[in-house]
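**Student:** Starting off with a structure, shown below.
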Amino acid sequence: MSKTMKTSSRSYLVLSVFLASMMGCITPGTTSSGPLEKQSFENIPRPNQPASLTVSDANSKPIHRASPAAHQQRLPAGVATQQGPATLPPQAYTGPNAGIPYPAPWTPPGILGPFPEDEYVYQGGDAYQLTNVAQDFSIDNLDEEDTIAHYHTLDGKIEIERTNRIPIYAPRFASIRRIDGLNQYRHQDHVYAVDSPLALDGTAQNIGQEQVKQHVSTQRNIGTRASSLYRENQKLRDMAHQVASTEDSQMLKPQVGDLLNTKVNIKNSQEAQLSIQQQTALAQSDEETVKEYAYDLLPYKILANNRIQTNYHYEIADGNSRLDIKKVASKQDALPGELLEFTITFKNTGDKAIGNVTIVDHLSRRLAYVEDSQNCTVESEFFVNPTGKDSAILRWEIIEPMNVGQSAQVTFKCRVR
Amino acid sequence: MISSFQKLTIAFTVLAVFTGANSLHAQQFRPAPNAHYPNHALMPPGHVGSQMLLRGGPIPGYFQPTQVRCPQGGKIAVANEGKFVAGQPSTLNVGLLIGSPYRFKITEIPGLPGTELFPTVELLDRLHPPAGLETRFPIPIHLTAQELRMAAEGMFITRVIYLEDPTNPVVVQDDANRQRFFDVRFNEDPLRVADQLGRPMAILRMGSKQPRMDRQTGRFMFSSPPVRTIMPVKQSNVPEDQLQRAIISTPSIGRLR
């Protein structure tokens with residue numbers, strides 16, 4: 001009997017808890033929030049609820065949360081309590097949907113910002129191909145958006161410095177429009193019917209092309225005869241080398257005096273010296289004679305070396321040549337039609353003077369240079385070179401050399417297309 | 001009399017000619033080696049966008065700011081909670097969910113008294129602006145008076161708004177309040193062309209269909225997906241003729257990198 005009552009009371013308790021939970025889900029004033037809602041809403045104050053009401057409290061005691069009085073007990077002092085229905089939960093409809101606050105910029109794992117790239121216009125740096133400047137100041141591989149500076153050092157070398165890369169958030173939109181009518185729908189069905197047999201013809205043709213490839217491969221096998229001819233050439237070289245080695249044998253030189261006359265390209269004026277040495281060799285032992293003849297062969301080897309012709313003599317001064325260049329934009333985001341002002345600052349941070357300093361900026365096609373907007377703090381010549389892709393290359397040629405520690409600045413404006 | 005060898009030669013010749021002809025035919029009409037596009041801009045509203053949700057990323061639950069604009073004098077409203085609220089003059093800035101189709105209502109159209117149009121807008125993707133710049137860079141959907149007139153006459157307008165590839169832009173001066181558009185032929189898919197020129201962001205469909213809403217299902221309004229109210233963005237005054245100018249020629253398609 002007692003066991004039956006205990007079971008029934010337990011069932012009633014479970015049932016009452018379940019009903020209370022269900023009432024909590026549909027009755028205003030209760031919440032069924034999860035951890036996600038706690039993160040999203042707990043810091044957002046609502047106009048018709050106390051700021052101290054937290055979702056975490058609702059989860060801890062779901063049965064008591066069903067009572068409006070429990071809400072009113074948690075209200076802080078000074079906040080007017082409401083009569084009638086309990087305070088709405090945070091996720092309930094309370095007027096115009098304010099939505100979730102915009103999150104921080106998101107990037108996929110493993111990808112550094114800015115993301116995504118198609119929403120940004122880049123300017124500066126030397127991306128993609130590496131820029132090269134030749135001795136005649138011609139520039140290769142200057143890609144769009146690149147900004148570089150090149151200068152001459154006192155050693156006569158051309159050095160290149162790259163600026164930093166600036167991302168500017170400037171997405172641009174366009175649209176593709178299609179207009180359909182009743183007559184145009186009929187044409188569309190006709191085109192679809194023609195497409196299908198064309199695909200079948202293309203599939204049958206692929207088999208025939210594979211058979212043609214086999215004939216080509218057999219012709220290549222005939223061409224392998226060339227390798228046998230190459231072996232014969234190697235044999236001839238080996239034989240010539242062996243003959244030369246016998247003639248150059250030092251063991252035969254002192255014994256056979258005619259070998260001296262076989263040396264090639266010996267001037268008549270040197271014959272006397274060689275004769276003297278030959279006589280000396282006869283008077284000395286065989287070992288010393290061998291040494292002298294080896295010494296006579298040295299000039300012959302040095303003359304055959306081309307290293308002397310390719311050597312250059314440099315006089316490198318002490319110190320380093322270095323140019324520090326930076327580029328900044330007036331804004332980090334821009335709508336089409338707005339103006340951007342760029343500033344390029346460069347400074348001779350080395351310990352030697354540099355000359356022929358030239359700043360080159362290849363504008364993006366999204367940027368249009370505003371005429372007569374450039375300014376340079378030092379005397380320079382300015383050029384605008386249009387490219388074939390409707391972009392422009394801006395170039396400043398600094399006239400005077402830059403001394404150690406000297407800096408300058410270039411500014412110009414662009415309109416975002 | 002033709003010998004058997006000559007017969008065999010003729011047979012091989014005929015076979016070779018047929019094989020060569022088929023080869024030329026296949027080279028001329030081979031299928032384009034482009035990507036497969038399972039979606040089409042003329043699919044029902046919500047079909048393409050719902051598939052974009054399956055790609056992952058922070059797309060679900062994000063209210064992408066969108067700017068719908070019509071000629072001066074008209075009013076725009078969006079379906080919200082089963083009804084159209086009061087229309088905003090000329091420009092409406094709202095935050096829309098990606099993948100959910102939205103029904104708009106355009107009234108008081110200049111030159112078309114008493115005409116009401118109900119276009120749909122379906123977002124396919126979102127922007128990732130720096131923090132605080134979400135409403136400064138909405139997705140623009142600008143309707144012209146010509147499009148509204150054609151839609152009222154029974155035409156069906158499909159516009160795919162795309163984010164232009166910055167490495168291969170069309171070198172024209174754009175204005176913030178003017179949206180360029182290119183007309184494609186009736187047998188071309190605007191969604192596919194937009195994907196080749198950039199990143200498709202939204203699809204606008206507009207005809208002359210009038211509401212016959214099923215009050216139980218709310219099908220005409222697509223059950224009124226939630227919207228987020230956005231404060232109007234400061235706009236500059238642009239003459240109306242500039243908003244309606246179109247570029248007819250189709251630009252070259254292709255990416256540099």
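Please note that chains go A, B, ... in the order of the structure tokens, that every chain numbers its residues from 1, and that ligands are numbered from 1 in the order shown.
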Taking only region 328-368 of chain A into account, list the residues labelled strand (DSSP E or B) by DSSP (computed from the backbone), as number ranges by chain.

**Tutor:** A: 328-329, 333, 339-348, 354-362, 367-368

**Student:** Mind writing the picked residues with N, CA, C and O atoms as an mmCIF file, in the first residue's frame?

**Tutor:**
```
data_model
loop_
_atom_site.group_PDB
_atom_site.id
_atom_site.type_symbol
_atom_site.label_atom_id
_atom_site.label_comp_id
_atom_site.auth_asym_id
_atom_site.auth_seq_id
_atom_site.Cartn_x
_atom_site.Cartn_y
_atom_site.Cartn_z
ATOM 1 N N VAL A 328 50.338 55.781 -47.053
ATOM 2 C CA VAL A 328 49.118 55.775 -46.245
ATOM 3 C C VAL A 328 48.001 56.394 -47.064
ATOM 4 O O VAL A 328 48.235 57.167 -47.995
ATOM 5 N N ALA A 329 46.775 56.036 -46.700
ATOM 6 C CA ALA A 329 45.583 56.589 -47.350
ATOM 7 C C ALA A 329 44.797 57.387 -46.329
ATOM 8 O O ALA A 329 44.884 57.151 -45.117
ATOM 9 N N ASP A 333 37.938 53.186 -45.997
ATOM 10 C CA ASP A 333 36.771 52.708 -46.729
ATOM 11 C C ASP A 333 36.261 53.854 -47.581
ATOM 12 O O ASP A 333 36.412 55.030 -47.226
ATOM 13 N N LEU A 339 36.544 60.705 -52.698
ATOM 14 C CA LEU A 339 37.945 61.028 -52.924
ATOM 15 C C LEU A 339 38.817 60.373 -51.859
ATOM 16 O O LEU A 339 38.429 60.288 -50.692
ATOM 17 N N LEU A 340 39.973 59.944 -52.293
ATOM 18 C CA LEU A 340 40.981 59.390 -51.391
ATOM 19 C C LEU A 340 42.268 60.169 -51.595
ATOM 20 O O LEU A 340 42.626 60.499 -52.736
ATOM 21 N N GLU A 341 42.942 60.454 -50.532
ATOM 22 C CA GLU A 341 44.240 61.131 -50.629
ATOM 23 C C GLU A 341 45.321 60.176 -50.126
ATOM 24 O O GLU A 341 45.244 59.673 -48.999
ATOM 25 N N PHE A 342 46.307 59.968 -50.967
ATOM 26 C CA PHE A 342 47.410 59.086 -50.606
ATOM 27 C C PHE A 342 48.646 59.927 -50.301
ATOM 28 O O PHE A 342 48.882 60.965 -50.940
ATOM 29 N N THR A 343 49.412 59.470 -49.343
ATOM 30 C CA THR A 343 50.650 60.137 -48.959
ATOM 31 C C THR A 343 51.772 59.107 -48.951
ATOM 32 O O THR A 343 51.652 58.070 -48.285
ATOM 33 N N ILE A 344 52.807 59.404 -49.709
ATOM 34 C CA ILE A 344 53.983 58.533 -49.765
ATOM 35 C C ILE A 344 55.134 59.289 -49.116
ATOM 36 O O ILE A 344 55.519 60.362 -49.583
ATOM 37 N N THR A 345 55.652 58.739 -48.047
ATOM 38 C CA THR A 345 56.769 59.349 -47.325
ATOM 39 C C THR A 345 58.000 58.473 -47.510
ATOM 40 O O THR A 345 57.933 57.262 -47.306
ATOM 41 N N PHE A 346 59.095 59.096 -47.907
ATOM 42 C CA PHE A 346 60.324 58.331 -48.098
ATOM 43 C C PHE A 346 61.475 59.096 -47.469
ATOM 44 O O PHE A 346 61.519 60.327 -47.496
ATOM 45 N N LYS A 347 62.424 58.337 -46.916
ATOM 46 C CA LYS A 347 63.528 58.930 -46.161
ATOM 47 C C LYS A 347 64.789 58.107 -46.386
ATOM 48 O O LYS A 347 64.733 56.867 -46.419
ATOM 49 N N ASN A 348 65.886 58.806 -46.534
ATOM 50 C CA ASN A 348 67.185 58.145 -46.691
ATOM 51 C C ASN A 348 67.672 57.744 -45.299
ATOM 52 O O ASN A 348 68.206 58.559 -44.548
ATOM 53 N N ILE A 354 72.065 59.054 -51.738
ATOM 54 C CA ILE A 354 71.517 58.303 -52.870
ATOM 55 C C ILE A 354 71.012 59.304 -53.901
ATOM 56 O O ILE A 354 70.677 60.448 -53.576
ATOM 57 N N GLY A 355 70.955 58.861 -55.123
ATOM 58 C CA GLY A 355 70.547 59.765 -56.193
ATOM 59 C C GLY A 355 69.552 59.112 -57.125
ATOM 60 O O GLY A 355 69.281 57.899 -57.055
ATOM 61 N N ASN A 356 69.008 59.941 -58.018
ATOM 62 C CA ASN A 356 68.016 59.485 -59.007
ATOM 63 C C ASN A 356 66.841 58.768 -58.339
ATOM 64 O O ASN A 356 66.372 57.732 -58.807
ATOM 65 N N VAL A 357 66.401 59.315 -57.234
ATOM 66 C CA VAL A 357 65.273 58.689 -56.530
ATOM 67 C C VAL A 357 64.003 58.870 -57.358
ATOM 68 O O VAL A 357 63.680 59.983 -57.778
ATOM 69 N N THR A 358 63.331 57.782 -57.617
ATOM 70 C CA THR A 358 62.128 57.795 -58.449
ATOM 71 C C THR A 358 61.027 57.019 -57.730
ATOM 72 O O THR A 358 61.250 55.884 -57.309
ATOM 73 N N ILE A 359 59.861 57.642 -57.606
ATOM 74 C CA ILE A 359 58.701 57.002 -56.997
ATOM 75 C C ILE A 359 57.746 56.624 -58.124
ATOM 76 O O ILE A 359 57.392 57.476 -58.947
ATOM 77 N N VAL A 360 57.346 55.383 -58.143
ATOM 78 C CA VAL A 360 56.450 54.895 -59.194
ATOM 79 C C VAL A 360 55.238 54.269 -58.532
ATOM 80 O O VAL A 360 55.376 53.403 -57.657
ATOM 81 N N ASP A 361 54.059 54.703 -58.940
ATOM 82 C CA ASP A 361 52.810 54.202 -58.355
ATOM 83 C C ASP A 361 51.884 53.796 -59.493
ATOM 84 O O ASP A 361 51.465 54.633 -60.299
ATOM 85 N N HIS A 362 51.572 52.516 -59.550
ATOM 86 C CA HIS A 362 50.635 51.999 -60.555
ATOM 87 C C HIS A 362 49.252 51.925 -59.906
ATOM 88 O O HIS A 362 48.990 51.063 -59.076
ATOM 89 N N LEU A 367 40.682 53.269 -59.205
ATOM 90 C CA LEU A 367 41.067 54.611 -58.768
ATOM 91 C C LEU A 367 41.411 55.454 -59.973
ATOM 92 O O LEU A 367 42.148 55.012 -60.858
ATOM 93 N N ALA A 368 40.869 56.654 -59.997
ATOM 94 C CA ALA A 368 41.154 57.609 -61.071
ATOM 95 C C ALA A 368 41.909 58.786 -60.471
ATOM 96 O O ALA A 368 41.440 59.405 -59.503
#
```

**Student:** When you look at Gly46 (chain B) with a cut-off of 8 Å (counting only C-alpha atoms), what residues show up, excluding the ones that are within fewer than 4 positions of it in the same chain? I need them as a PyMOL selection string.

**Tutor:** chain B and resi 50+99-101+122

**Student:** Write out, as an mmCIF file, in the first residue's frame, the residues just selected, with C-alpha atoms.

**Tutor:**
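Contents of result16.cif, as written:
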```cif
data_model
loop_
_atom_site.group_PDB
_atom_site.id
_atom_site.type_symbol
_atom_site.label_atom_id
_atom_site.label_comp_id
_atom_site.auth_asym_id
_atom_site.auth_seq_id
_atom_site.Cartn_x
_atom_site.Cartn_y
_atom_site.Cartn_z
ATOM 1 C CA SER B 50 18.502 28.339 -49.518
ATOM 2 C CA GLY B 99 18.238 32.677 -48.353
ATOM 3 C CA SER B 100 14.766 33.914 -47.417
ATOM 4 C CA PRO B 101 12.676 35.494 -50.166
ATOM 5 C CA GLU B 122 16.382 37.074 -52.468
#
```

**Student:** Which residues, written as a ChimeraX atom specification, have at least one atom at most 12 Å from Val85 (chain B), with only C-alpha atoms counted and residues fewer than 6 positions away on the same chain left out?

**Tutor:** /A:96 /B:75-79,92,103-106,224,227,229

**Student:** When DSSP works through the backbone of this structure, what residues of region 120-231 of chain B end up as helix (DSSP H, G or I), shown as an NGL selection string?

**Tutor:** :B and (145-152 or 190-197)

**Student:** Restrict the selected residues to all heavy atoms and save them as a short mmCIF file (atom, residue, chain, number, x, y, z; two decimals), in the first residue's frame.

**Tutor:**
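And here's out_2.cif as it stands now:
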```cif
data_model
loop_
_atom_site.label_atom_id
_atom_site.label_comp_id
_atom_site.auth_asym_id
_atom_site.auth_seq_id
_atom_site.Cartn_x
_atom_site.Cartn_y
_atom_site.Cartn_z
N ALA B 145 12.69 53.65 -63.69
CA ALA B 145 11.32 53.86 -64.15
C ALA B 145 11.01 53.00 -65.37
O ALA B 145 9.87 52.56 -65.57
CB ALA B 145 11.11 55.34 -64.47
N GLN B 146 12.02 52.76 -66.18
CA GLN B 146 11.82 51.91 -67.36
C GLN B 146 11.46 50.49 -66.94
O GLN B 146 10.56 49.86 -67.51
CB GLN B 146 13.09 51.92 -68.20
CG GLN B 146 13.00 51.06 -69.45
CD GLN B 146 14.36 50.74 -70.02
OE1 GLN B 146 15.36 50.80 -69.32
NE2 GLN B 146 14.40 50.41 -71.30
N GLU B 147 12.14 49.97 -65.95
CA GLU B 147 11.84 48.61 -65.50
C GLU B 147 10.45 48.53 -64.90
O GLU B 147 9.71 47.57 -65.11
CB GLU B 147 12.88 48.17 -64.48
CG GLU B 147 14.26 47.96 -65.08
CD GLU B 147 15.30 47.67 -64.02
OE1 GLU B 147 15.01 47.92 -62.83
OE2 GLU B 147 16.39 47.22 -64.37
N LEU B 148 10.09 49.53 -64.12
CA LEU B 148 8.76 49.51 -63.52
C LEU B 148 7.68 49.57 -64.60
O LEU B 148 6.64 48.91 -64.51
CB LEU B 148 8.62 50.69 -62.55
CG LEU B 148 9.58 50.68 -61.34
CD1 LEU B 148 9.41 51.94 -60.51
CD2 LEU B 148 9.34 49.46 -60.49
N ARG B 149 7.92 50.35 -65.63
CA ARG B 149 6.93 50.46 -66.70
C ARG B 149 6.82 49.14 -67.47
O ARG B 149 5.73 48.68 -67.80
CB ARG B 149 7.30 51.60 -67.64
CG ARG B 149 6.25 51.88 -68.71
CD ARG B 149 6.59 53.12 -69.51
NE ARG B 149 7.84 52.98 -70.24
CZ ARG B 149 8.98 53.60 -69.89
NH1 ARG B 149 8.98 54.42 -68.86
NH2 ARG B 149 10.09 53.43 -70.58
N MET B 150 7.97 48.52 -67.75
CA MET B 150 7.92 47.24 -68.47
C MET B 150 7.25 46.16 -67.63
O MET B 150 6.50 45.33 -68.15
CB MET B 150 9.34 46.81 -68.84
CG MET B 150 9.94 47.61 -69.98
SD MET B 150 11.48 46.91 -70.63
CE MET B 150 12.53 47.06 -69.21
N ALA B 151 7.52 46.17 -66.34
CA ALA B 151 6.88 45.18 -65.48
C ALA B 151 5.37 45.40 -65.43
O ALA B 151 4.59 44.43 -65.43
CB ALA B 151 7.47 45.24 -64.08
N ALA B 152 4.95 46.65 -65.41
CA ALA B 152 3.50 46.92 -65.40
C ALA B 152 2.84 46.51 -66.70
O ALA B 152 1.65 46.19 -66.74
CB ALA B 152 3.28 48.41 -65.13
N PRO B 190 21.31 35.15 -66.30
CA PRO B 190 21.97 36.29 -65.63
C PRO B 190 22.75 35.88 -64.40
O PRO B 190 23.75 36.51 -64.05
CB PRO B 190 20.81 37.23 -65.28
CG PRO B 190 19.59 36.39 -65.36
CD PRO B 190 19.85 35.31 -66.35
N LEU B 191 22.34 34.80 -63.76
CA LEU B 191 23.09 34.34 -62.59
C LEU B 191 24.47 33.83 -62.99
O LEU B 191 25.47 34.07 -62.32
CB LEU B 191 22.31 33.25 -61.86
CG LEU B 191 22.93 32.69 -60.59
CD1 LEU B 191 23.08 33.78 -59.54
CD2 LEU B 191 22.11 31.54 -60.04
N ARG B 192 24.52 33.16 -64.11
CA ARG B 192 25.80 32.65 -64.58
C ARG B 192 26.72 33.78 -65.05
O ARG B 192 27.92 33.78 -64.77
CB ARG B 192 25.55 31.66 -65.72
CG ARG B 192 26.80 31.06 -66.29
CD ARG B 192 26.44 29.94 -67.25
NE ARG B 192 27.63 29.35 -67.85
CZ ARG B 192 27.61 28.21 -68.52
NH1 ARG B 192 26.50 27.54 -68.65
NH2 ARG B 192 28.71 27.73 -69.04
N VAL B 193 26.16 34.74 -65.75
CA VAL B 193 26.97 35.88 -66.20
C VAL B 193 27.48 36.68 -65.00
O VAL B 193 28.64 37.11 -64.96
CB VAL B 193 26.14 36.77 -67.14
CG1 VAL B 193 26.93 38.00 -67.55
CG2 VAL B 193 25.73 35.99 -68.37
N ALA B 194 26.62 36.83 -64.00
CA ALA B 194 27.05 37.56 -62.80
C ALA B 194 28.15 36.82 -62.07
O ALA B 194 29.07 37.43 -61.51
CB ALA B 194 25.86 37.78 -61.88
N ASP B 195 28.08 35.52 -62.07
CA ASP B 195 29.12 34.74 -61.39
C ASP B 195 30.46 34.86 -62.11
O ASP B 195 31.51 34.76 -61.48
CB ASP B 195 28.69 33.28 -61.31
CG ASP B 195 29.65 32.46 -60.48
OD1 ASP B 195 29.66 32.64 -59.25
OD2 ASP B 195 30.39 31.65 -61.06
N GLN B 196 30.42 35.07 -63.41
CA GLN B 196 31.67 35.23 -64.15
C GLN B 196 32.25 36.63 -63.98
O GLN B 196 33.44 36.84 -64.17
CB GLN B 196 31.44 34.93 -65.63
CG GLN B 196 31.13 33.46 -65.89
CD GLN B 196 30.67 33.22 -67.31
OE1 GLN B 196 30.19 34.13 -67.96
NE2 GLN B 196 30.80 31.99 -67.76
N LEU B 197 31.43 37.59 -63.65
CA LEU B 197 31.90 38.96 -63.48
C LEU B 197 32.22 39.29 -62.03
O LEU B 197 32.83 40.31 -61.76
CB LEU B 197 30.86 39.95 -64.00
CG LEU B 197 30.62 39.93 -65.51
CD1 LEU B 197 29.47 40.84 -65.86
CD2 LEU B 197 31.86 40.35 -66.24
#
```

**Student:** Report as a PyMOL selection string the set of chain B residues whose atoms approach chain A to within 6 Å, with distances computed over only C-alpha atoms.

**Tutor:** chain B and resi 23+26+30+130-131+155-166+173-176+179-184+187+190+228

**Student:** Just the number, please: distance in Å from CA of Gln409 (chain A) to CA of Tyr151 (chain A), one decimal.

**Tutor:**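 Between these atoms lies a distance of 15.7 Å.
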
**Student:** Name the residues in contact with Val404 (chain A) at a cut-off of 6 Å, using only C-alpha atoms, excluding same-chain residues fewer than 2 positions from it; report them as a PyMOL selection string.

**Tutor:** chain A and resi 348+351-353+406
